[in-house]
Structures are given as structure tokens and as C-alpha cells.
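One file, query.cif, is given below (mmCIF, C-alpha atoms).
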data_my_file
loop_
_atom_site.label_atom_id
_atom_site.label_comp_id
_atom_site.auth_asym_id
_atom_site.auth_seq_id
_atom_site.Cartn_x
_atom_site.Cartn_y
_atom_site.Cartn_z
CA MET A 1 0.00 0.00 0.00
CA SER A 2 1.32 3.42 -0.93
CA LEU A 3 1.86 6.16 1.67
CA VAL A 4 0.48 9.68 1.28
CA ARG A 5 2.17 12.55 3.08
CA LEU A 6 -0.01 14.90 5.09
CA ASN A 7 0.33 18.45 6.38
CA ILE A 8 -1.55 20.04 9.24
CA LYS A 9 -4.19 22.39 7.84
CA GLY A 10 -5.57 23.62 11.15
CA ILE A 11 -7.60 22.93 14.27
CA SER A 12 -11.25 23.87 14.68
CA TYR A 13 -13.50 23.90 17.73
CA SER A 14 -16.70 21.88 17.65
CA GLN A 15 -19.83 23.41 19.15
CA THR A 16 -21.74 20.17 18.62
CA GLN A 17 -19.36 18.02 20.68
CA ASN A 18 -18.49 19.59 24.01
CA GLY A 19 -14.74 19.82 24.52
CA ALA A 20 -13.98 18.24 21.16
CA TYR A 21 -11.76 19.65 18.43
CA ALA A 22 -11.13 18.60 14.87
CA LEU A 23 -7.59 18.37 13.59
CA ILE A 24 -7.57 18.88 9.82
CA LEU A 25 -4.83 17.12 7.87
CA SER A 26 -4.32 17.87 4.18
CA GLU A 27 -2.66 15.64 1.59
CA VAL A 28 0.51 17.25 0.21
CA ASP A 29 -0.08 16.49 -3.47
CA GLY A 30 -3.86 16.70 -3.52
CA GLN A 31 -6.92 18.51 -2.21
CA ARG A 32 -8.45 16.01 0.17
CA LYS A 33 -8.63 16.72 3.89
CA LEU A 34 -8.64 14.23 6.73
CA PRO A 35 -10.59 15.46 9.81
CA ILE A 36 -9.71 13.73 13.08
CA VAL A 37 -11.56 14.38 16.35
CA ILE A 38 -9.17 15.06 19.24
CA GLY A 39 -9.44 16.16 22.85
CA ALA A 40 -8.86 19.65 24.22
CA PHE A 41 -5.48 18.90 25.79
CA GLU A 42 -4.07 17.39 22.61
CA ALA A 43 -5.51 20.24 20.53
CA GLN A 44 -3.81 22.72 22.85
CA SER A 45 -0.50 20.86 22.65
CA ILE A 46 -0.60 20.74 18.84
CA ALA A 47 -1.59 24.42 18.63
CA ILE A 48 1.33 25.44 20.83
CA ALA A 49 3.76 23.44 18.69
CA LEU A 50 2.35 25.13 15.57
CA GLU A 51 2.42 28.64 17.02
CA LYS A 52 6.04 28.59 18.28
CA GLU A 53 5.55 32.09 19.67
CA ILE A 54 3.88 30.93 22.88
CA LYS A 55 6.27 29.26 25.30
CA PRO A 56 4.68 27.40 28.22
CA PRO A 57 6.25 28.23 31.60
CA ARG A 58 6.55 24.48 32.25
CA PRO A 59 6.97 21.66 29.73
CA LEU A 60 3.74 20.03 28.56
CA THR A 61 3.59 16.24 28.42
CA HIS A 62 4.68 16.12 24.78
CA ASP A 63 7.53 18.56 25.48
CA LEU A 64 8.63 16.31 28.34
CA PHE A 65 8.60 13.30 26.00
CA LYS A 66 10.73 15.28 23.51
CA ASN A 67 13.22 16.26 26.23
CA PHE A 68 13.36 12.66 27.43
CA ALA A 69 13.94 11.34 23.91
CA ASP A 70 16.64 13.92 23.22
CA ARG A 71 18.45 13.00 26.42
CA PHE A 72 18.56 9.35 25.41
CA ASP A 73 19.26 10.04 21.75
CA ILE A 74 15.95 8.72 20.43
CA GLN A 75 14.69 10.19 17.15
CA VAL A 76 11.12 10.16 15.88
CA LYS A 77 11.57 9.52 12.15
CA GLN A 78 7.94 9.58 11.02
CA VAL A 79 4.31 9.05 12.04
CA ILE A 80 1.98 6.78 10.10
CA ILE A 81 -1.82 6.78 10.48
CA HIS A 82 -2.18 3.13 9.57
CA LYS A 83 -5.72 2.03 10.46
CA LEU A 84 -9.28 3.33 10.65
CA VAL A 85 -11.85 1.26 12.58
CA ASP A 86 -15.35 2.52 13.48
CA GLY A 87 -14.27 6.12 12.99
CA VAL A 88 -11.18 5.77 15.19
CA PHE A 89 -7.75 6.38 13.65
CA TYR A 90 -4.78 4.30 14.80
CA SER A 91 -1.21 5.53 14.44
CA SER A 92 2.36 4.36 14.81
CA ILE A 93 5.44 6.36 15.74
CA ILE A 94 8.58 5.19 13.94
CA CYS A 95 11.56 5.77 16.25
CA GLU A 96 15.27 5.18 15.87
CA ARG A 97 18.10 4.79 18.39
CA ASP A 98 21.61 3.55 17.61
CA LYS A 99 20.40 2.80 14.05
CA ILE A 100 17.79 0.40 15.42
CA GLU A 101 14.22 1.17 14.34
CA GLU A 102 11.25 0.62 16.64
CA ILE A 103 7.52 1.01 16.00
CA ILE A 104 5.41 2.36 18.87
CA ASP A 105 1.61 2.35 18.94
CA ALA A 106 0.07 5.75 19.79
CA ARG A 107 -3.10 7.75 19.68
CA THR A 108 -3.11 9.83 16.52
CA SER A 109 -3.34 13.13 18.42
CA ASP A 110 -0.30 12.25 20.56
CA ALA A 111 1.64 11.00 17.55
CA ILE A 112 1.04 14.25 15.65
CA ALA A 113 1.90 16.41 18.67
CA LEU A 114 5.23 14.57 18.84
CA ALA A 115 5.80 14.67 15.07
CA LEU A 116 5.60 18.47 15.21
CA ARG A 117 8.17 18.66 17.98
CA PHE A 118 10.58 16.32 16.18
CA LYS A 119 9.85 17.92 12.77
CA ALA A 120 8.95 14.43 11.55
CA PRO A 121 6.73 13.82 8.50
CA ILE A 122 3.16 12.51 8.87
CA PHE A 123 1.80 9.86 6.51
CA THR A 124 -1.30 7.78 5.98
CA TYR A 125 -2.11 4.99 3.56
CA LYS A 126 -3.92 5.79 0.33
CA ASN A 127 -6.81 3.45 1.17
CA ILE A 128 -7.46 5.34 4.43
CA LEU A 129 -7.52 8.66 2.59
CA ASP A 130 -9.81 7.15 -0.05
CA LYS A 131 -12.17 6.01 2.70
CA ALA A 132 -12.13 8.99 5.07
CA GLY A 133 -10.77 11.92 3.03
CA ILE A 134 -13.14 14.74 2.16
CA PHE A 135 -13.14 17.81 -0.06
CA LEU A 136 -13.89 20.86 2.06
CA LYS A 137 -16.00 23.56 0.42
CA GLY A 138 -13.90 25.91 -1.63
CA THR A 139 -10.99 23.50 -2.01
CA SER A 140 -12.21 21.57 -5.02
CA GLN A 141 -14.85 21.69 -7.70
CA GLU A 142 -15.32 17.98 -7.32
CA GLU A 143 -18.36 16.83 -5.43
CA GLU A 144 -17.94 16.17 -1.74
CA THR A 145 -18.42 12.62 -0.54
CA GLU A 146 -21.64 11.71 1.23
CA GLU A 147 -19.78 11.62 4.54
CA GLY A 148 -18.00 14.92 3.87
CA PRO A 149 -20.69 17.50 4.68
CA SER A 150 -21.87 15.70 7.81
CA LEU A 151 -18.32 15.40 9.11
CA VAL A 152 -17.68 19.05 8.41
CA GLU A 153 -20.95 20.20 9.96
CA GLN A 154 -20.65 18.01 13.03
CA LEU A 155 -16.95 18.36 13.71
CA ILE A 156 -15.33 21.41 12.20
CA ALA A 157 -17.68 23.84 10.53
CA ASP A 158 -18.69 25.86 13.57
CA GLU A 159 -15.97 28.10 14.96
CA PRO A 160 -16.90 29.94 18.16
CA SER A 161 -18.60 33.17 17.07
CA SER A 162 -17.19 36.57 17.95
CA ALA A 163 -20.04 36.99 20.42
CA GLN A 164 -18.82 33.93 22.31
CA SER A 165 -15.18 35.07 22.29
CA GLU A 166 -13.95 37.97 24.41
CA ASP A 167 -13.55 41.20 22.43
CA TYR A 168 -10.04 42.64 22.82
CA THR A 169 -10.41 45.63 20.50
CA GLY A 170 -10.98 48.08 23.37
CA TYR A 171 -7.66 47.35 25.09
CA THR A 172 -4.39 49.21 24.60
CA LEU A 173 -1.27 47.39 23.33
CA LYS A 174 0.26 47.63 26.80
CA GLU A 175 -2.83 46.07 28.35
CA LEU A 176 -2.91 43.35 25.69
CA ASN A 177 0.74 42.44 26.30
CA GLU A 178 0.12 42.27 30.05
CA MET A 179 -2.94 40.07 29.44
CA LEU A 180 -0.90 37.87 27.09
CA ASP A 181 1.76 37.33 29.77
CA GLN A 182 -0.93 36.54 32.33
CA ALA A 183 -2.72 34.08 30.00
CA VAL A 184 0.55 32.24 29.28
CA GLY A 185 1.39 32.21 32.99
CA ASN A 186 -2.04 30.67 33.68
CA GLU A 187 -1.46 28.19 30.85
CA ASP A 188 -4.62 29.44 29.09
CA TYR A 189 -3.13 29.09 25.63
CA GLU A 190 -6.37 29.46 23.69
CA LYS A 191 -6.92 32.89 25.28
CA ALA A 192 -3.25 33.74 24.70
CA ALA A 193 -3.61 32.90 21.00
CA ARG A 194 -6.65 35.20 20.65
CA ILE A 195 -4.83 38.06 22.39
CA ARG A 196 -1.75 37.50 20.23
CA ASP A 197 -3.94 37.68 17.11
CA GLU A 198 -5.31 41.05 18.25
CA ILE A 199 -1.76 42.32 18.88
CA SER A 200 -0.69 41.09 15.43
CA LYS A 201 -3.53 43.02 13.77
CA ARG A 202 -2.16 46.27 15.18
CA SER A 203 1.49 45.75 14.29
#
Here is the file; what I need is its structure written in the form of C-alpha cells.
Amino acid sequence: MSLVRLNIKGISYSQTQNGAYALILSEVDGQRKLPIVIGAFEAQSIAIALEKEIKPPRPLTHDLFKNFADRFDIQVKQVIIHKLVDGVFYSSIICERDKIEEIIDARTSDAIALALRFKAPIFTYKNILDKAGIFLKGTSQEEETEEGPSLVEQLIADEPSSAQSEDYTGYTLKELNEMLDQAVGNEDYEKAARIRDEISKRS
């Protein structure tokens, strides 16, 4: 079976599933997207690894794993999403130490959080993408699969509206920077990301 390389397209909040997020993976040489439901903690960990501007005051679990692996000279070479059963994706982390390769079973969200920290590529098999891949609206003129719209509507379509999110437009830059430091100190990274976006708009 041939492997297809994936990139991380983004993370969206689901209003229909409390506390759930959808991680959107995109095939490198195509237009299909692979939505994967993940928990809030894993979504936060992946978002922090993607942002790179927000540094947690203490290492998160995936950062600790990275530090541990670095200390013992273990490299994560790649992540493969290798199985899909009843809507659940199964992944493997391919590691190497002293030129000996090991395969470790992992939840897909954890595997991707680690892949980002090790700058390791993410792959899936073509048959999994054929089965679960969708065309998001605006990405292709081809018709979406029957599962596509329902997955999008249920998992990723609804971002929190501006009414639900705190409005930061009335704050000064000094106040925003102080709030950003406080949010990071409290490990509220979602709030920190929203404040950072407001600061970025003004620079």
C-alpha cells in the first residue's frame, strides 16, 4: 500500500461536541482533507507546537517526551496513520536509536503532537484517505463525498462566534501584552492565541 504525506491544515472547535476539536490534515499532493476528532489537551499541545511564539512556563507532556527522547538520543523519524476502525484512527510512531528502528503504537493526536516537535513527517495509507478523506467547500470543484458535509458540519464547521469570544479591540497594546503574559502564565493558551492575534492586527 502506498503512503500519502499529510500536512496540518488547522484545528477547529466543535460546538456540537463539548470539549472536542477537529484536527484537519491535508494531503501534500492533492486537495483532500482528513478530519480527526481530538481532545482539548491534545488540541492545545498541537496548537502550541504550531504557534512557536507561545512558550509554556513548564513543559507540557509532549515537550517532556521530547526532552526525554533527546536525552537518550531517540529520534522520531515519522508518524503513520495506519488504520481506521469505526471512525477511530490508529497511528504508529517510527523511532530510531543507535540505528535500530522501533515502531510504537500511539493515539493519533499524541503521535502528531510529537511529530511536530521532532519535525517528523506525517503519513497515511492511500486506502485510508480514499475512505475517510473529504473535499472541504472551496478546495475543489469535485463533489464532496456523502460523509463529507456531515463530518464538516458536526466536527469542524462551527468556529466559536465573535459573540462567544472575548472582544479585545478596546484594550491598549500595553494592556494586551500584560494580558498575554498573564494568560501564558495561567497556561490558558487558547486565550493567549486570541490576544496574540489582536496584537498582530495592530502591528
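Residues selected in this file by the PyMOL selection byres ((chain A and resi 114-130) around 6) comprise Ser2, Leu3, Val4, Arg5, Leu6, Lys77, Gln78, Val79, Ile80, Ile81, His82, Ala111, Ile112, Ala113, Lys131, Ala132 and Gly133 of chain A.
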*Go through the shown structure with the PyMOL selection byres ((chain A and resi 26) around 12) and write out the matching residues as a ChimeraX atom specification.*
/A:4-11,23-25,27-36,122-124,129,132-136,139
*Who sits within 12 Å of Arg202 of chain A, only C-alpha atoms, same chain under 6 positions skipped, as a list in words*: Tyr168, Thr169, Tyr171, Thr172, Leu173, Lys174, Leu176, Ile195 and Arg196 of chain A
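Note that atom CA of Phe68 of chain A and atom CA of Lys83 of chain A are 27.7 Å apart.
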Report as an mmCIF file with C-alpha atoms, keeping the file's coordinate frame the full result of the PyMOL selection byres ((chain A and resi 57) around 12) when it is applied to this structure.
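Once everything was written out, this is expr_14.cif:
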data_model
loop_
_atom_site.group_PDB
_atom_site.id
_atom_site.type_symbol
_atom_site.label_atom_id
_atom_site.label_comp_id
_atom_site.auth_asym_id
_atom_site.auth_seq_id
_atom_site.Cartn_x
_atom_site.Cartn_y
_atom_site.Cartn_z
ATOM 1 C CA ILE A 54 3.880 30.930 22.880
ATOM 2 C CA LYS A 55 6.270 29.260 25.300
ATOM 3 C CA PRO A 56 4.680 27.400 28.220
ATOM 4 C CA ARG A 58 6.550 24.480 32.250
ATOM 5 C CA PRO A 59 6.970 21.660 29.730
ATOM 6 C CA LEU A 60 3.740 20.030 28.560
ATOM 7 C CA ASP A 63 7.530 18.560 25.480
ATOM 8 C CA ASP A 181 1.760 37.330 29.770
ATOM 9 C CA GLN A 182 -0.930 36.540 32.330
ATOM 10 C CA ALA A 183 -2.720 34.080 30.000
ATOM 11 C CA VAL A 184 0.550 32.240 29.280
ATOM 12 C CA GLY A 185 1.390 32.210 32.990
ATOM 13 C CA ASN A 186 -2.040 30.670 33.680
ATOM 14 C CA GLU A 187 -1.460 28.190 30.850
ATOM 15 C CA ASP A 188 -4.620 29.440 29.090
ATOM 16 C CA TYR A 189 -3.130 29.090 25.630
#
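Here atom CA of Ala192 of chain A stands at a distance of 15.8 Å from atom CA of Tyr13 of chain A.
The two atoms in question, atom CA of Arg71 of chain A and atom CA of Arg97 of chain A, are spaced 11.5 Å apart.
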Taking the block above, write segment 44-60 of chain A with N, CA and C atoms as a PDB file, in the first residue's frame.
ATOM      1  N   GLN A  44      -4.622  21.651  22.289  1.00  0.00           N
ATOM      2  CA  GLN A  44      -3.807  22.721  22.851  1.00  0.00           C
ATOM      3  C   GLN A  44      -2.318  22.458  22.618  1.00  0.00           C
ATOM      4  N   SER A  45      -1.906  21.218  22.823  1.00  0.00           N
ATOM      5  CA  SER A  45      -0.496  20.857  22.653  1.00  0.00           C
ATOM      6  C   SER A  45      -0.055  21.012  21.198  1.00  0.00           C
ATOM      7  N   ILE A  46      -0.912  20.599  20.274  1.00  0.00           N
ATOM      8  CA  ILE A  46      -0.599  20.738  18.842  1.00  0.00           C
ATOM      9  C   ILE A  46      -0.571  22.210  18.453  1.00  0.00           C
ATOM     10  N   ALA A  47      -1.531  22.984  18.959  1.00  0.00           N
ATOM     11  CA  ALA A  47      -1.592  24.416  18.631  1.00  0.00           C
ATOM     12  C   ALA A  47      -0.341  25.141  19.113  1.00  0.00           C
ATOM     13  N   ILE A  48       0.129  24.792  20.294  1.00  0.00           N
ATOM     14  CA  ILE A  48       1.332  25.437  20.834  1.00  0.00           C
ATOM     15  C   ILE A  48       2.544  25.101  19.978  1.00  0.00           C
ATOM     16  N   ALA A  49       2.634  23.839  19.548  1.00  0.00           N
ATOM     17  CA  ALA A  49       3.762  23.442  18.691  1.00  0.00           C
ATOM     18  C   ALA A  49       3.705  24.152  17.344  1.00  0.00           C
ATOM     19  N   LEU A  50       2.503  24.424  16.852  1.00  0.00           N
ATOM     20  CA  LEU A  50       2.355  25.129  15.572  1.00  0.00           C
ATOM     21  C   LEU A  50       2.668  26.615  15.721  1.00  0.00           C
ATOM     22  N   GLU A  51       2.260  27.202  16.830  1.00  0.00           N
ATOM     23  CA  GLU A  51       2.418  28.644  17.021  1.00  0.00           C
ATOM     24  C   GLU A  51       3.882  29.052  17.160  1.00  0.00           C
ATOM     25  N   LYS A  52       4.609  28.344  18.022  1.00  0.00           N
ATOM     26  CA  LYS A  52       6.044  28.591  18.278  1.00  0.00           C
ATOM     27  C   LYS A  52       6.318  29.910  18.995  1.00  0.00           C
ATOM     28  N   GLU A  53       5.342  30.811  18.994  1.00  0.00           N
ATOM     29  CA  GLU A  53       5.551  32.095  19.673  1.00  0.00           C
ATOM     30  C   GLU A  53       5.196  32.001  21.149  1.00  0.00           C
ATOM     31  N   ILE A  54       4.319  31.074  21.495  1.00  0.00           N
ATOM     32  CA  ILE A  54       3.875  30.932  22.876  1.00  0.00           C
ATOM     33  C   ILE A  54       4.692  29.836  23.550  1.00  0.00           C
ATOM     34  N   LYS A  55       5.430  30.212  24.589  1.00  0.00           N
ATOM     35  CA  LYS A  55       6.271  29.261  25.300  1.00  0.00           C
ATOM     36  C   LYS A  55       5.656  28.968  26.665  1.00  0.00           C
ATOM     37  N   PRO A  56       5.240  27.728  26.917  1.00  0.00           N
ATOM     38  CA  PRO A  56       4.677  27.396  28.220  1.00  0.00           C
ATOM     39  C   PRO A  56       5.720  27.583  29.321  1.00  0.00           C
ATOM     40  N   PRO A  57       5.292  28.056  30.496  1.00  0.00           N
ATOM     41  CA  PRO A  57       6.249  28.229  31.601  1.00  0.00           C
ATOM     42  C   PRO A  57       6.826  26.908  32.089  1.00  0.00           C
ATOM     43  N   ARG A  58       6.067  25.822  31.904  1.00  0.00           N
ATOM     44  CA  ARG A  58       6.550  24.483  32.249  1.00  0.00           C
ATOM     45  C   ARG A  58       6.321  23.569  31.052  1.00  0.00           C
ATOM     46  N   PRO A  59       7.152  22.538  30.893  1.00  0.00           N
ATOM     47  CA  PRO A  59       6.966  21.664  29.726  1.00  0.00           C
ATOM     48  C   PRO A  59       5.653  20.893  29.791  1.00  0.00           C
ATOM     49  N   LEU A  60       4.923  20.882  28.670  1.00  0.00           N
ATOM     50  CA  LEU A  60       3.741  20.028  28.562  1.00  0.00           C
ATOM     51  C   LEU A  60       4.189  18.575  28.424  1.00  0.00           C
TER      52      LEU A  60
END
